[in-house]
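Peer 1: Handing over my_file18.txt, compact mmCIF, C-alpha atoms.
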```txt
# COMPACT_ATOMS: atom_id res chain seq x y z
CA ARG K 4 -63.99 6.70 -121.46
CA SER K 5 -62.79 4.09 -123.92
CA LEU K 6 -63.38 0.34 -123.81
CA LEU K 7 -61.50 -0.07 -127.08
CA ARG K 8 -58.40 1.50 -128.56
CA ALA K 9 -59.46 4.95 -129.71
CA GLY K 10 -58.33 8.54 -130.02
CA SER K 11 -60.24 11.79 -130.43
CA THR K 12 -59.79 14.94 -132.50
CA ILE K 13 -61.86 18.09 -131.93
CA LEU K 14 -62.58 20.16 -135.04
CA ASP K 15 -63.89 23.73 -135.29
CA ARG K 16 -66.46 24.93 -137.84
CA ALA K 17 -63.74 25.25 -140.50
CA GLY K 18 -62.54 21.70 -139.95
CA SER K 19 -59.30 22.70 -138.21
CA ALA K 20 -58.14 20.65 -135.23
CA ILE K 21 -58.49 22.56 -131.96
CA GLY K 22 -57.83 19.61 -129.69
CA ARG K 23 -56.53 16.07 -129.81
CA THR K 24 -56.31 13.33 -127.23
CA ALA K 25 -54.95 9.81 -126.96
CA SER K 26 -53.95 7.50 -124.14
CA PRO K 27 -51.05 5.08 -123.68
CA LEU K 28 -53.51 2.77 -121.91
CA GLU K 29 -55.37 0.60 -124.41
CA ARG K 30 -59.01 -0.44 -124.10
CA ALA K 31 -59.74 0.87 -120.60
CA GLY K 32 -58.57 4.43 -120.22
CA THR K 33 -60.01 7.85 -119.52
CA GLN K 34 -58.88 10.58 -121.91
CA TRP K 35 -59.24 14.31 -121.29
CA VAL K 36 -59.16 17.17 -123.77
CA LEU K 37 -59.32 20.82 -122.78
CA LEU K 38 -60.88 23.05 -125.45
CA PRO K 39 -59.56 26.58 -125.88
CA GLY K 40 -61.50 29.52 -124.54
CA GLY K 41 -63.88 31.51 -126.68
CA ARG K 42 -66.47 28.76 -126.90
CA PRO K 43 -66.79 28.21 -130.66
CA ASP K 44 -70.40 27.94 -131.75
CA THR K 45 -69.70 24.62 -133.44
CA ALA K 46 -67.25 21.88 -132.57
CA THR K 47 -67.12 18.33 -133.91
CA VAL K 48 -65.64 15.40 -132.03
CA VAL K 49 -64.13 12.74 -134.29
CA ILE K 50 -63.50 9.49 -132.39
CA THR K 51 -61.31 7.07 -134.31
CA SER K 52 -61.09 3.41 -133.35
CA LYS K 53 -57.73 1.70 -133.64
CA GLU K 54 -59.28 -1.77 -133.60
CA PRO K 55 -59.92 -4.04 -136.62
CA ALA K 56 -63.23 -3.22 -138.29
CA LYS K 57 -65.01 -6.42 -137.21
CA LEU K 58 -64.45 -5.81 -133.50
CA ARG K 59 -67.02 -3.99 -131.41
CA GLY K 60 -66.56 -1.85 -128.34
CA SER K 61 -67.93 1.24 -126.66
CA VAL K 62 -66.83 4.79 -125.92
CA ARG K 63 -68.56 7.16 -123.52
CA MET K 64 -68.05 10.90 -123.93
CA ASP K 65 -68.76 13.45 -121.21
CA LEU K 66 -68.74 17.23 -121.72
CA SER K 67 -68.13 19.59 -118.81
CA VAL K 68 -67.75 23.36 -118.58
CA LEU K 69 -64.70 24.00 -116.42
CA ASP K 70 -65.44 27.57 -115.44
CA ARG K 71 -63.50 28.71 -112.41
CA PRO K 72 -65.94 30.31 -109.95
CA ALA K 73 -64.86 33.58 -108.41
CA GLY K 74 -62.77 32.88 -105.32
CA ALA K 75 -62.62 29.14 -106.05
CA SER K 76 -60.29 27.32 -103.70
CA GLY K 77 -59.76 24.02 -102.01
CA ALA K 78 -60.77 20.73 -103.62
CA ALA K 79 -62.51 22.32 -106.63
CA GLU K 80 -59.41 24.29 -107.60
CA VAL K 81 -57.13 21.29 -107.07
CA CYS K 82 -59.42 19.09 -109.19
CA LEU K 83 -59.46 21.65 -112.02
CA GLU K 84 -55.69 22.01 -112.08
CA GLY K 85 -55.24 18.25 -111.92
CA LEU K 86 -57.56 17.65 -114.88
CA LYS K 87 -55.85 20.39 -116.90
CA ALA K 88 -52.49 18.69 -116.36
CA TRP K 89 -54.04 15.33 -117.31
CA ALA K 90 -55.49 16.82 -120.51
CA GLU K 91 -52.11 18.34 -121.38
CA GLY K 92 -50.52 14.93 -120.86
CA ASP K 93 -53.02 13.29 -123.22
CA ARG K 94 -52.43 16.08 -125.76
CA SER K 95 -48.64 15.60 -125.63
CA TYR K 96 -49.02 11.83 -125.91
CA ALA K 97 -51.34 12.18 -128.92
CA ALA K 98 -48.86 14.53 -130.62
CA GLY K 99 -46.02 12.11 -129.98
CA ARG K 100 -47.98 9.22 -131.44
CA GLN K 101 -48.80 11.23 -134.57
CA ILE K 102 -45.06 11.70 -135.15
CA GLU K 103 -44.17 8.13 -134.16
CA LEU K 104 -46.69 6.72 -136.66
CA GLY K 105 -45.56 9.07 -139.43
CA ARG K 106 -48.91 10.84 -139.65
CA GLU K 107 -47.46 14.27 -139.02
CA VAL K 108 -44.08 15.75 -139.88
CA THR K 109 -43.34 18.86 -137.86
CA PRO K 110 -39.88 20.44 -138.19
CA GLY K 111 -38.02 20.15 -134.92
CA ALA K 112 -40.65 17.98 -133.28
CA ASN K 113 -39.47 14.87 -131.44
CA ALA K 114 -41.77 12.07 -130.34
CA ARG K 115 -39.68 11.14 -127.31
CA VAL K 116 -39.65 14.73 -126.06
CA LEU K 117 -43.45 14.76 -126.31
CA PHE K 118 -43.75 11.44 -124.47
CA GLU K 119 -41.50 12.78 -121.71
CA ALA K 120 -43.73 15.88 -121.54
CA ALA K 121 -46.79 13.61 -121.27
CA ALA K 122 -45.18 11.77 -118.35
CA ARG K 123 -44.36 15.03 -116.58
CA ASN K 124 -47.94 16.22 -116.96
CA TYR K 125 -49.37 12.93 -115.72
CA GLN K 126 -47.10 13.16 -112.69
CA SER K 127 -48.14 16.78 -112.11
CA SER K 128 -51.78 15.70 -112.24
CA LEU K 129 -51.03 12.88 -109.82
CA GLU K 130 -49.51 15.34 -107.36
CA GLN K 131 -52.49 17.69 -107.69
CA LEU K 132 -55.00 14.88 -107.11
CA SER K 133 -53.43 13.69 -103.88
CA GLY K 134 -56.55 14.02 -101.74
CA SER K 135 -58.47 11.07 -100.37
CA GLY K 136 -61.34 11.65 -102.82
CA PHE K 137 -59.17 11.05 -105.89
CA ALA K 138 -57.87 7.51 -105.27
CA ALA K 139 -59.36 6.08 -108.52
CA GLU K 140 -57.87 8.93 -110.55
CA ARG K 141 -54.47 8.42 -108.93
CA ALA K 142 -54.58 4.71 -109.72
CA GLU K 143 -55.22 5.45 -113.40
CA LEU K 144 -52.54 8.14 -113.56
CA GLN K 145 -50.03 5.71 -112.03
CA LEU K 146 -51.04 3.21 -114.71
CA LEU K 147 -50.62 5.84 -117.45
CA LEU K 148 -47.12 6.56 -116.18
CA ALA K 149 -46.32 2.84 -116.16
CA ALA K 150 -47.60 2.55 -119.75
CA VAL K 151 -45.65 5.57 -121.04
CA ASP K 152 -42.46 4.34 -119.40
CA TYR K 153 -42.98 0.84 -120.79
CA TYR K 154 -44.26 1.39 -124.32
CA GLU K 155 -42.64 4.69 -125.26
CA LEU K 156 -39.67 5.53 -123.03
CA HIS K 157 -38.51 1.94 -122.43
CA ASP K 158 -37.71 2.75 -118.82
CA TRP K 159 -38.50 -0.70 -117.50
CA GLU K 160 -37.62 -0.16 -113.84
CA HIS K 161 -39.69 3.01 -113.47
CA SER K 162 -42.51 1.31 -115.36
CA ALA K 163 -42.45 -1.55 -112.86
CA GLN K 164 -42.51 0.90 -109.94
CA TRP K 165 -45.52 2.79 -111.31
CA ALA K 166 -47.34 -0.42 -112.24
CA ARG K 167 -46.87 -1.86 -108.75
CA ALA K 168 -48.16 1.39 -107.20
CA SER K 169 -51.13 1.41 -109.57
CA ALA K 170 -52.05 -2.21 -108.80
CA THR K 171 -52.00 -1.40 -105.08
CA THR K 172 -54.21 1.69 -105.51
CA PHE K 173 -56.69 -0.12 -107.77
CA ALA K 174 -56.93 -2.85 -105.13
CA GLU K 175 -57.78 -0.19 -102.55
CA VAL K 176 -60.63 1.19 -104.70
CA GLY K 177 -61.90 -2.30 -105.64
CA ASP K 178 -61.26 -2.19 -109.41
CA ASP K 179 -60.11 -5.76 -110.07
CA TYR K 180 -59.91 -5.46 -113.86
CA LYS K 181 -57.65 -2.41 -113.89
CA ARG K 182 -55.59 -3.92 -111.08
CA ALA K 183 -54.97 -6.85 -113.42
CA ARG K 184 -54.05 -4.45 -116.22
CA ALA K 185 -51.50 -2.81 -113.94
CA GLN K 186 -50.11 -6.21 -112.94
CA ALA K 187 -49.79 -7.12 -116.63
CA ILE K 188 -47.53 -4.12 -117.25
CA LEU K 189 -45.63 -4.97 -114.05
CA ALA K 190 -44.98 -8.50 -115.31
CA ALA K 191 -44.02 -7.22 -118.77
CA ALA K 192 -41.58 -4.75 -117.23
CA TRP K 193 -40.08 -7.55 -115.12
CA LEU K 194 -39.51 -9.52 -118.33
CA GLU K 195 -37.51 -6.64 -119.78
CA VAL K 196 -35.58 -6.02 -116.57
CA GLY K 197 -34.77 -9.73 -116.48
CA THR K 198 -33.08 -9.54 -119.88
CA GLN K 199 -30.78 -6.69 -118.88
CA SER K 200 -27.28 -7.90 -118.14
CA ARG K 201 -26.12 -7.05 -114.61
CA THR K 202 -22.93 -9.06 -114.78
CA ALA K 203 -19.77 -9.03 -116.85
CA SER K 204 -19.75 -12.83 -117.01
CA GLN K 205 -19.78 -14.16 -120.58
CA VAL K 206 -21.76 -17.37 -120.16
CA ALA K 207 -24.54 -18.89 -122.22
CA ALA K 208 -26.77 -19.77 -119.27
CA THR K 209 -29.24 -17.23 -117.90
CA PRO K 210 -27.75 -15.50 -114.82
CA ILE K 211 -29.40 -16.56 -111.56
CA GLU K 212 -30.79 -13.09 -110.83
CA ALA K 213 -32.33 -12.84 -114.31
CA HIS K 214 -33.75 -16.37 -114.03
CA GLN K 215 -35.43 -15.48 -110.75
CA GLN K 216 -36.86 -12.28 -112.24
CA LEU K 217 -38.30 -14.13 -115.23
CA ALA K 218 -39.71 -16.87 -112.99
CA ARG K 219 -41.40 -14.21 -110.85
CA ALA K 220 -42.89 -12.64 -113.99
CA ARG K 221 -44.22 -16.02 -115.17
CA ALA K 222 -45.83 -16.67 -111.79
CA LEU K 223 -47.68 -13.34 -111.94
CA LEU K 224 -48.67 -13.93 -115.57
CA ARG K 225 -50.18 -17.32 -114.63
CA GLU K 226 -52.27 -15.60 -111.96
CA LEU K 227 -53.49 -13.15 -114.60
CA VAL K 228 -54.34 -15.95 -117.02
CA ARG K 229 -56.55 -17.56 -114.37
CA PHE K 230 -58.14 -14.21 -113.51
CA HIS K 231 -59.07 -13.32 -117.10
CA ALA K 232 -60.15 -16.88 -117.93
CA GLY K 233 -62.55 -16.78 -115.00
CA ARG K 234 -64.08 -13.58 -116.37
CA HIS K 235 -64.17 -14.86 -119.98
CA GLU K 236 -61.83 -12.08 -121.13
CA GLY K 237 -60.28 -14.04 -123.97
CA TYR K 238 -58.04 -11.32 -125.40
CA GLU K 239 -56.40 -10.44 -122.09
CA GLU K 240 -56.03 -14.15 -121.28
CA ALA K 241 -54.35 -14.79 -124.63
CA LEU K 242 -51.96 -11.86 -124.16
CA GLN K 243 -50.72 -13.19 -120.85
CA VAL K 244 -50.42 -16.76 -122.13
CA ASN K 245 -48.30 -15.37 -124.96
CA ASN K 246 -46.13 -13.45 -122.51
CA ILE K 247 -45.47 -16.60 -120.48
CA GLY K 248 -44.11 -18.14 -123.66
CA VAL K 249 -42.00 -15.03 -124.29
CA ALA K 250 -40.52 -15.35 -120.80
CA TYR K 251 -39.36 -18.88 -121.62
CA ILE K 252 -37.98 -17.75 -124.98
CA TYR K 253 -35.92 -15.07 -123.22
CA GLU K 254 -34.15 -17.93 -121.43
CA ALA K 255 -33.85 -19.98 -124.65
CA ARG K 256 -36.17 -22.60 -123.08
CA PHE K 257 -38.04 -23.16 -126.32
CA GLU K 258 -39.61 -26.52 -125.46
CA GLN K 259 -41.30 -25.02 -122.38
CA ALA K 260 -42.52 -22.08 -124.47
CA ILE K 261 -44.36 -24.20 -127.03
CA PRO K 262 -47.13 -25.56 -124.73
CA GLU K 263 -47.97 -22.01 -123.68
CA ARG K 264 -49.27 -21.28 -127.16
CA SER K 265 -52.47 -22.79 -128.54
CA GLU K 266 -54.49 -22.32 -131.70
CA GLU K 267 -57.24 -20.73 -129.63
CA HIS K 268 -54.95 -18.13 -128.07
CA THR K 269 -53.17 -17.45 -131.36
CA SER K 270 -56.50 -16.94 -133.11
CA GLU K 271 -57.60 -14.50 -130.40
CA LEU K 272 -54.49 -12.38 -130.86
CA GLN K 273 -54.69 -12.54 -134.65
CA SER K 274 -58.27 -11.24 -134.50
CA HIS K 275 -56.84 -8.08 -132.92
CA HIS K 276 -53.94 -7.93 -135.41
CA ASP K 277 -51.52 -8.50 -132.52
CA LEU K 278 -49.67 -11.30 -134.29
```
As structure tokens, please, write out the structure in this file.
Peer 2:
Amino acid sequence: RSLLRAGSTILDRAGSAIGRTASPLERAGTQWVLLPGGRPDTATVVITSKEPAKLRGSVRMDLSVLDRPAGASGAAEVCLEGLKAWAEGDRSYAAGRQIELGREVTPGANARVLFEAAARNYQSSLEQLSGSGFAAERAELQLLLAAVDYYELHDWEHSAQWARASATTFAEVGDDYKRARAQAILAAAWLEVGTQSRTASQVAATPIEAHQQLARARALLRELVRFHAGRHEGYEEALQVNNIGVAYIYEARFEQAIPERSEEHTSELQSHHDL
């Protein structure tokens, strides 16, 4: 469980990678990796932070033996299959990121195909974990789907749908922070949807429908700014303040965008190399 941006690689005794995991959800995601059978006598987990060196965070690692008991059925079997699909989604996402970042060159490999595979596996896991005891897992899987659609597949409308569903499910399980994270992706997706032309009219002014969409996104972003400020979560607060400014820039309302930026917020983003 990562509270900072991180990925993991599992190495065997010879130093060869036997597993890799990464998550499209930064700073607050659960990643799963399924090791191959055979139980090697030695395995090394290499956890790599993607944050600037001066930042501090925490990662918790849990190890479980997923043996399938003879005659296993019901919730235990469903849980096992759901986690296997989740792990396969994280593996596909990690492989796609390696290609996207130029760290691996595999003939015939395509990052988008791998991201699409990750989304299919997350959705398969979501379907498996449909029971009442898996609400928190479903909320996170919905958020993973929103993140993949937003950051990698650029499918803004589906991203908004998944983000809205995730925010609702996180509210049901009482996780206010992750609900806010889901709402942040929802607002970001609304910003992108608002810039898509739905009319053939060639006018300089922002179409009414787009203006309303951007205004709705700004209203949600302001709620998130207040939420994170009240919890002293400076980075998340700065991100949403920045996105309010972006929403004004999308409408060419530059004077309104300027007050949304401050030296304090800019410094917070720069500390994370996000500017």
Peer 1: Which residue gives the smallest distance to K:Leu148 among K:Glu226, K:Glu195, K:Glu258, K:Asp93, with all atoms listed in the file counted?
Peer 2: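 Of the candidates, the smallest distance to K:Leu148 is held by K:Asp93.
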Peer 1: Could you pull the residues within 7 Å of K:Ala149, counting all atoms listed in the file, minus those fewer than 5 positions along the same chain, as a list in words?
Peer 2: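 Contacts, in chain order: Ser162, Ala163, Trp165 and Ala166 of chain K.
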Peer 1: What's the 12 Å shell around stretch 111-122 of chain K, counting all atoms listed in the file, without same-chain residues fewer than 2 positions away, as a PyMOL selection string?
Peer 2: chain K and resi 24-27+88-109+124-129+144-158+161-162+165
Peer 1: Would you mind listing what lies within 12 Å of K:Gln215 as a PDB file with C-alpha atoms, keeping the file's coordinate frame, with all atoms listed in the file counted and same-chain residues fewer than 6 positions away left out?
Peer 2:
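Dumped everything to selection33.pdb:
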```pdb
ATOM      1  CA  TRP K 193     -40.080  -7.550-115.120  1.00  0.00           C
ATOM      2  CA  LEU K 194     -39.510  -9.520-118.330  1.00  0.00           C
ATOM      3  CA  VAL K 196     -35.580  -6.020-116.570  1.00  0.00           C
ATOM      4  CA  GLY K 197     -34.770  -9.730-116.480  1.00  0.00           C
ATOM      5  CA  THR K 198     -33.080  -9.540-119.880  1.00  0.00           C
ATOM      6  CA  THR K 209     -29.240 -17.230-117.900  1.00  0.00           C
ATOM      7  CA  ARG K 221     -44.220 -16.020-115.170  1.00  0.00           C
ATOM      8  CA  ALA K 222     -45.830 -16.670-111.790  1.00  0.00           C
ATOM      9  CA  ALA K 250     -40.520 -15.350-120.800  1.00  0.00           C
ATOM     10  CA  GLU K 254     -34.150 -17.930-121.430  1.00  0.00           C
TER      11      GLU K 254
END
```
Peer 1: Of the candidates K:Arg16, K:His235, K:Arg229, K:Lys87, which one gets nearest to K:Val36 if we count all atoms listed in the file?
Peer 2: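 Using all atoms listed in the file, K:Val36 sits closest to K:Lys87.
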Peer 1: Residues within 10 Å of stretch 136-142 of chain K, please, as a ChimeraX atom specification. Count only C-alpha atoms; anything in the same chain fewer than 2 positions from it doesn't count.
Peer 2: /K:33,78,82,85-86,125-126,128-134,144-147,165-166,168-178,181-182,185
Peer 1: Would you compute the distance between atom CA of K:Ser67 and atom CA of K:Ile21? Give it in Å to one decimal.
Peer 2: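 Separation between atom CA of K:Ser67 and atom CA of K:Ile21: 16.6 Å.
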Peer 1: One number please: atom CA of K:Glu239 to atom CA of K:Thr51, in Å, one decimal.
Peer 2: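 Interatomic distance, atom CA of K:Glu239 to atom CA of K:Thr51: 21.9 Å.
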Peer 1: For a quick check of understanding, using only C-alpha atoms, which of K:Ala190, K:Val48, K:Leu217, K:Gln259 has the smallest distance to K:Gln243?
Peer 2: K:Ala190
Peer 1: So the first atom is atom CA of K:Ala20 and the second is atom CA of K:Gly32; what is the distance between them in Å, to one decimal place?
Peer 2: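 That distance, rounded to one decimal, is 22.1 Å.
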Peer 1: I need the residue nearest K:Ile188 from this list: K:Asp65, K:Glu80, K:Glu160, K:Glu212. Use all atoms listed in the file for the distance.
Peer 2: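 Distance minimum relative to K:Ile188 lands on K:Glu160.
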Peer 1: Under the rule that only C-alpha atoms are counted, which of K:Gln186, K:Gln199, K:Thr45, K:Gln34 is the nearest residue to K:Asp15?
Peer 2: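 Closest residue, counting only C-alpha atoms: K:Thr45.
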Peer 1: Taking all atoms listed in the file into account, which of K:Ile247, K:Ala17, K:Ala192, K:Val62 comes nearest K:Ala218?
Peer 2: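 So, comparing all the options, the nearest one is K:Ile247.
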